[in-house]
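Visitor: First the structure, then my questions, so here it is.
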Number of protein chains: 2
Amino acid sequence: MKESNIQLISTITEDNKLTLALQSIEMPKPSADEVVIRIEAAPLNPSDLGVMFSAADMSTATQTGTEQNPVITADVAAKFMPGLKTRVGKATPVGNEGAGTVVAAGSSPAAQALMGKTVAVIGGGTYRQYHCANVQSCLVLKEGTTAKEGASSFVNPLTALAMVETMRAEGHKAIIHAAAASNLGQMLNRICIADGIDLINIVRKPEQETLLRDMGAKYVVNSTSETFLADLTAAIIETGATIAFDPIGGGQLTSDILNCMEVAVARDMKEHSVYGSDIFKQVYIYGALNRGPITLNRNFGFAWAVNGFLLFNALGKLGAETVMAMRKRVADEITSTFASHYTHEVSLTEVLQISSIEAYSKQATGEKYLITPQK
Amino acid sequence: MKESNIQLISTITEDNKLTLALQSIEMPKPSADEVVIRIEAAPLNPSDLGVMFSAADMSTATQTGTEQNPVITADVAAKFMPGLKTRVGKATPVGNEGAGTVVAAGSSPAAQALMGKTVAVIGGGTYRQYHCANVQSCLVLKEGTTAKEGASSFVNPLTALAMVETMRAEGHKAIIHAAAASNLGQMLNRICIADGIDLINIVRKPEQETLLRDMGAKYVVNSTSETFLADLTAAIIETGATIAFDPIGGGQLTSDILNCMEVAVARDMKEHSVYGSDIFKQVYIYGALNRGPITLNRNFGFAWAVNGFLLFNALGKLGAETVMAMRKRVADEITSTFASHYTHEVSLTEVLQISSIEAYSKQATGEKYLITPQK
């Protein structure tokens, strides 16, 4: 086994700076229930950017260091520092998931069984060459699945499945999804088609409409269209969707969705009520693509909720049995339903080029980066 | 039995007008499970104003008719008319609760048992002289309790109790209440003191602080104080409150409450997380004292929810057994824990004076109107 091990770390320092750098660390030694994975591919998800950049203003980023060891520095506004005090001075590893080959295993039968296997892994710090993880955090990929194909086996697939399972558990019958042309949105579209669930896709651009319709989506509405509210309401009337998932948050979209749901369900009310319809309307906000304020223009009665939605909390609510079934489905369908599409492959060194950061920090829909730490 | 029966009705007409008037109706005849109650007292709650005024702009109200039969007319903005189409042309009775004497009863033993009793009643249309109701909607008041004392036995008492029961059912241990100097707030304060529950009262005025402190409130914070956020955070740290009830809605208070909760619970986090604390934070919005947009400045992670809160929906969630216990407690403690305080008593004719409307439509904290339809 190669003895060098490099990882990407993110550090906030007391002088209101963020530093991103590569760090040479020891090769991990697995305990009984652990394995060491040679990470061959790890995606750059929006949630990873949250850990990596923290509260830094990346428009102030500068690159120093050497060609092989670039160092990125950026400013953190003073107002954010009090909220970061448990992070200051700590070299924080980045990367929530990835995939690779098990090159060392602990003494337990469960760990030994993974030796030599290609596995996907969930858990902090996958932007490194060799990663030690508990066997519970690993998903064995099917024979023939590559690490690149399996790199995104957790965050997006389980989030998309958790949306569907949450819909079922909470008694809704169709789903609205915002920013629906994303990798996650495309997965959700495939799941819903396979499972016969009506899905209303909200996108911002005509080409995203086309993309999803070409993938078989029946309901696609464009939030920049003048007829958006009428289109969304019509789709809700057709499908009966009373649950929505929105990664944007800031702005009025959540409010618009609730108001359109209310218009749709109030059509069936025989008696007017000042409290609005008693049909429960739910929006889950699972991201912060717009960090501005969420504005709710309340014209949707009293039977509603807006919740934060975080994968780990959602899995906890769904329970172990459902989660096991979800993981099995991901492994079985990782090259079809749960296939991810990457537009760029970068090494750990290339991740820390200022030009790369400018590109991937935009989180443009359709653009997706894959890190290959062995390159 | 007196044969005249007068009720207050609210009508929206196709010419974008609201009309409030008195109407002579037939004396009701109870079916087997019903009783006829001579309504002696009925409160004017904010929720009644919602039914009464609907979407009308009451600053345009004018009074016509006669001294004994006043008629109030006001404009409804055209934009609200589409949402009111199931209400147009329907003479809508007003009044969600009241109390009085049972003067006629249906043939069933349950109905006959109420004959001559003083009862409180829930259900639309109590702003009338004689009201017919199912026995299930009646609460028999204890011997010696007057109709005026029992007039507000449902809306405020059950809402305050539903807040406490919701706190318990959802695993929280202390409550934050906004606009806490209201009649409802004072009840909640008494319940929490009796039950040993920590309650953080948010008020806007020094005299409201004094009022609640004189009633034994331990935690009172003033939202107009410069130190409001720090005061609220300190109180949350002391009490562990992670659930709030807010009748205001519009503005930033809900956001402020969630942010203060997050600051309080994040103090115990050993590791920084970009997702914030995983301690669940809940705000229920149960009114619309401010009809403007709700603005959420999200700095409170992903473990949160903002819900509408409506008494009937909340009771449905709590279940029949809990609700029966709540009703019994109200009857037992209607002159102590659940005592209401009225500043004005008005007849049905006096309710429809333009000068009265100007006064009670302000919904000023501490001002409360009682209608006495027999006057």
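Following the order of the structure tokens, first chain is A, next is B, and so on, with residues numbered from 1 inside each chain and ligands from 1 in the order they appear.
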Going by DSSP on the backbone, which bits of segment 171-223 of chain A are helix (DSSP H, G or I)? Write them as number ranges by chain, please.

Guide: A: 183-195, 206-214

Visitor: Write out as a count of residues only which residues come within 12 Å of Tyr286 of chain B when counting only C-alpha atoms, dropping same-chain ones fewer than 5 positions away.

Guide: 34

Visitor: Which one is closest to chain A: B:Ser54, B:Thr349, B:Thr146, B:Asn5? Count only C-alpha atoms.

Guide: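 Closest residue, counting only C-alpha atoms: B:Ser54.
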
Visitor: So what do you get for atom CA of Cys192 of chain A versus atom CA of Thr210 of chain A, distance-wise?

Guide: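 Calculated distance between atom CA of Cys192 of chain A and atom CA of Thr210 of chain A is 17.7 Å.
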
Visitor: For the strand (DSSP E or B) assignment from backbone DSSP, which residues of segment 260-303 of chain A qualify? Please present them as a PyMOL selection string.

Guide: chain A and resi 281-285+290-296

Visitor: Keeping only N, CA and C atoms, take the residues you just selected and write them out as an mmCIF file, in the first residue's frame.

Guide:
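Full text of again-v6.cif as output:
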```
data_model
loop_
_atom_site.group_PDB
_atom_site.id
_atom_site.type_symbol
_atom_site.label_atom_id
_atom_site.label_comp_id
_atom_site.auth_asym_id
_atom_site.auth_seq_id
_atom_site.Cartn_x
_atom_site.Cartn_y
_atom_site.Cartn_z
ATOM 1 N N LYS A 281 -50.973 21.615 3.849
ATOM 2 C CA LYS A 281 -50.033 21.954 2.780
ATOM 3 C C LYS A 281 -48.619 22.075 3.356
ATOM 4 N N GLN A 282 -47.665 21.403 2.759
ATOM 5 C CA GLN A 282 -46.316 21.311 3.344
ATOM 6 C C GLN A 282 -45.247 21.705 2.328
ATOM 7 N N VAL A 283 -44.345 22.595 2.728
ATOM 8 C CA VAL A 283 -43.139 22.838 1.934
ATOM 9 C C VAL A 283 -41.920 22.523 2.798
ATOM 10 N N TYR A 284 -41.026 21.687 2.282
ATOM 11 C CA TYR A 284 -39.747 21.418 2.932
ATOM 12 C C TYR A 284 -38.653 22.181 2.190
ATOM 13 N N ILE A 285 -37.865 22.942 2.930
ATOM 14 C CA ILE A 285 -36.741 23.675 2.339
ATOM 15 C C ILE A 285 -35.463 22.911 2.652
ATOM 16 N N ASN A 290 -30.641 30.404 -2.427
ATOM 17 C CA ASN A 290 -30.816 31.843 -2.184
ATOM 18 C C ASN A 290 -30.791 32.046 -0.672
ATOM 19 N N ARG A 291 -29.739 32.731 -0.198
ATOM 20 C CA ARG A 291 -29.561 32.904 1.241
ATOM 21 C C ARG A 291 -30.339 34.095 1.789
ATOM 22 N N GLY A 292 -31.061 34.788 0.923
ATOM 23 C CA GLY A 292 -31.865 35.923 1.358
ATOM 24 C C GLY A 292 -33.055 35.475 2.191
ATOM 25 N N PRO A 293 -33.820 36.440 2.699
ATOM 26 C CA PRO A 293 -34.977 36.100 3.521
ATOM 27 C C PRO A 293 -36.033 35.313 2.757
ATOM 28 N N ILE A 294 -36.685 34.403 3.458
ATOM 29 C CA ILE A 294 -37.858 33.694 2.934
ATOM 30 C C ILE A 294 -39.059 34.582 3.240
ATOM 31 N N THR A 295 -39.817 34.944 2.207
ATOM 32 C CA THR A 295 -40.963 35.821 2.407
ATOM 33 C C THR A 295 -42.249 35.042 2.175
ATOM 34 N N LEU A 296 -43.072 34.952 3.214
ATOM 35 C CA LEU A 296 -44.347 34.243 3.101
ATOM 36 C C LEU A 296 -45.480 35.259 3.052
#
```

Visitor: Leu22 of chain A: which residues within 8 Å, counting only C-alpha atoms, same-chain residues fewer than 3 positions away excluded, as an MDAnalysis selection string?

Guide: chainID A and resid 6:9 69:71 348:349

Visitor: Taking N, CA, C and O atoms for each residue, export the selection above as a compact mmCIF listing (two decimals), in the first residue's frame.

Guide:
```txt
# COMPACT_ATOMS: atom_id res chain seq x y z
N ILE A 6 -3.00 12.26 1.26
CA ILE A 6 -3.22 13.71 1.20
C ILE A 6 -4.70 13.98 1.40
O ILE A 6 -5.55 13.27 0.86
N GLN A 7 -5.03 15.03 2.17
CA GLN A 7 -6.45 15.41 2.30
C GLN A 7 -6.61 16.92 2.14
O GLN A 7 -5.66 17.69 2.31
N LEU A 8 -7.82 17.31 1.81
CA LEU A 8 -8.15 18.73 1.67
C LEU A 8 -8.73 19.21 2.99
O LEU A 8 -9.62 18.58 3.55
N ILE A 9 -8.20 20.32 3.49
CA ILE A 9 -8.72 20.83 4.76
C ILE A 9 -9.13 22.30 4.63
O ILE A 9 -8.60 23.06 3.82
N ASN A 69 1.03 22.48 -4.24
CA ASN A 69 0.41 22.72 -2.95
C ASN A 69 -0.23 24.10 -2.88
O ASN A 69 0.20 24.97 -2.13
N PRO A 70 -1.28 24.30 -3.67
CA PRO A 70 -1.94 25.60 -3.68
C PRO A 70 -2.61 25.86 -2.33
O PRO A 70 -3.06 24.93 -1.65
N VAL A 71 -2.63 27.14 -1.95
CA VAL A 71 -3.33 27.54 -0.72
C VAL A 71 -4.29 28.67 -1.09
O VAL A 71 -3.89 29.64 -1.73
N LEU A 348 -7.26 16.69 -6.48
CA LEU A 348 -7.29 17.50 -5.24
C LEU A 348 -6.58 18.83 -5.47
O LEU A 348 -7.02 19.88 -4.98
N THR A 349 -5.46 18.79 -6.20
CA THR A 349 -4.73 20.03 -6.49
C THR A 349 -5.56 20.98 -7.35
O THR A 349 -5.61 22.18 -7.10
```

Visitor: Find the spatial neighbours of segment 89-106 of chain B, counting only C-alpha atoms, within a cut-off of 8 Å - ignore same-chain residues fewer than 4 positions away - and output them as number ranges by chain.

Guide: B: 1, 7-14, 30-44, 47-48, 51-52, 111-112, 114-127, 147-148, 150-155

Visitor: Could you give me, as an MDAnalysis selection string, the residues within 10 Å of Ala217 of chain B, counting only C-alpha atoms and dropping anything in the same chain fewer than 5 positions from it?

Guide: chainID B and resid 186 189:190 192:193 198:201 209:212

Visitor: When you count only C-alpha atoms, which of these residues is closest to chain A: B:Lys29, B:Arg87, B:Lys375, B:Arg168?

Guide: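 Checking each candidate against chain A, we get B:Arg87 as the closest.
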
Visitor: Between A:Gly144, A:Gly216, A:Pro82, A:Pro157, which has the minimum distance to chain B (counting only C-alpha atoms)?

Guide: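 Using only C-alpha atoms, the shortest distance to chain B belongs to A:Pro82.
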
Visitor: Quick one, how far is atom CA of Ile175 of chain B from atom CA of Gly287 of chain B?

Guide: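 According to the coordinates, atom CA of Ile175 of chain B and atom CA of Gly287 of chain B are separated by 16.9 Å.
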
Visitor: Using Å and a single decimal, report how far atom CA of Leu370 of chain B sits from atom CA of Val351 of chain B.

Guide: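 Atom-to-atom, atom CA of Val351 of chain B to atom CA of Leu370 of chain B, that is 9.6 Å.
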
Visitor: Which residue, A:Ser182, A:Gln363, A:Thr73, A:Asn259, has the smallest gap to Asn299 of chain A when you use only C-alpha atoms?

Guide: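 Of A:Ser182, A:Gln363, A:Thr73, A:Asn259, the one nearest Asn299 of chain A, counting only C-alpha atoms, is A:Asn259.
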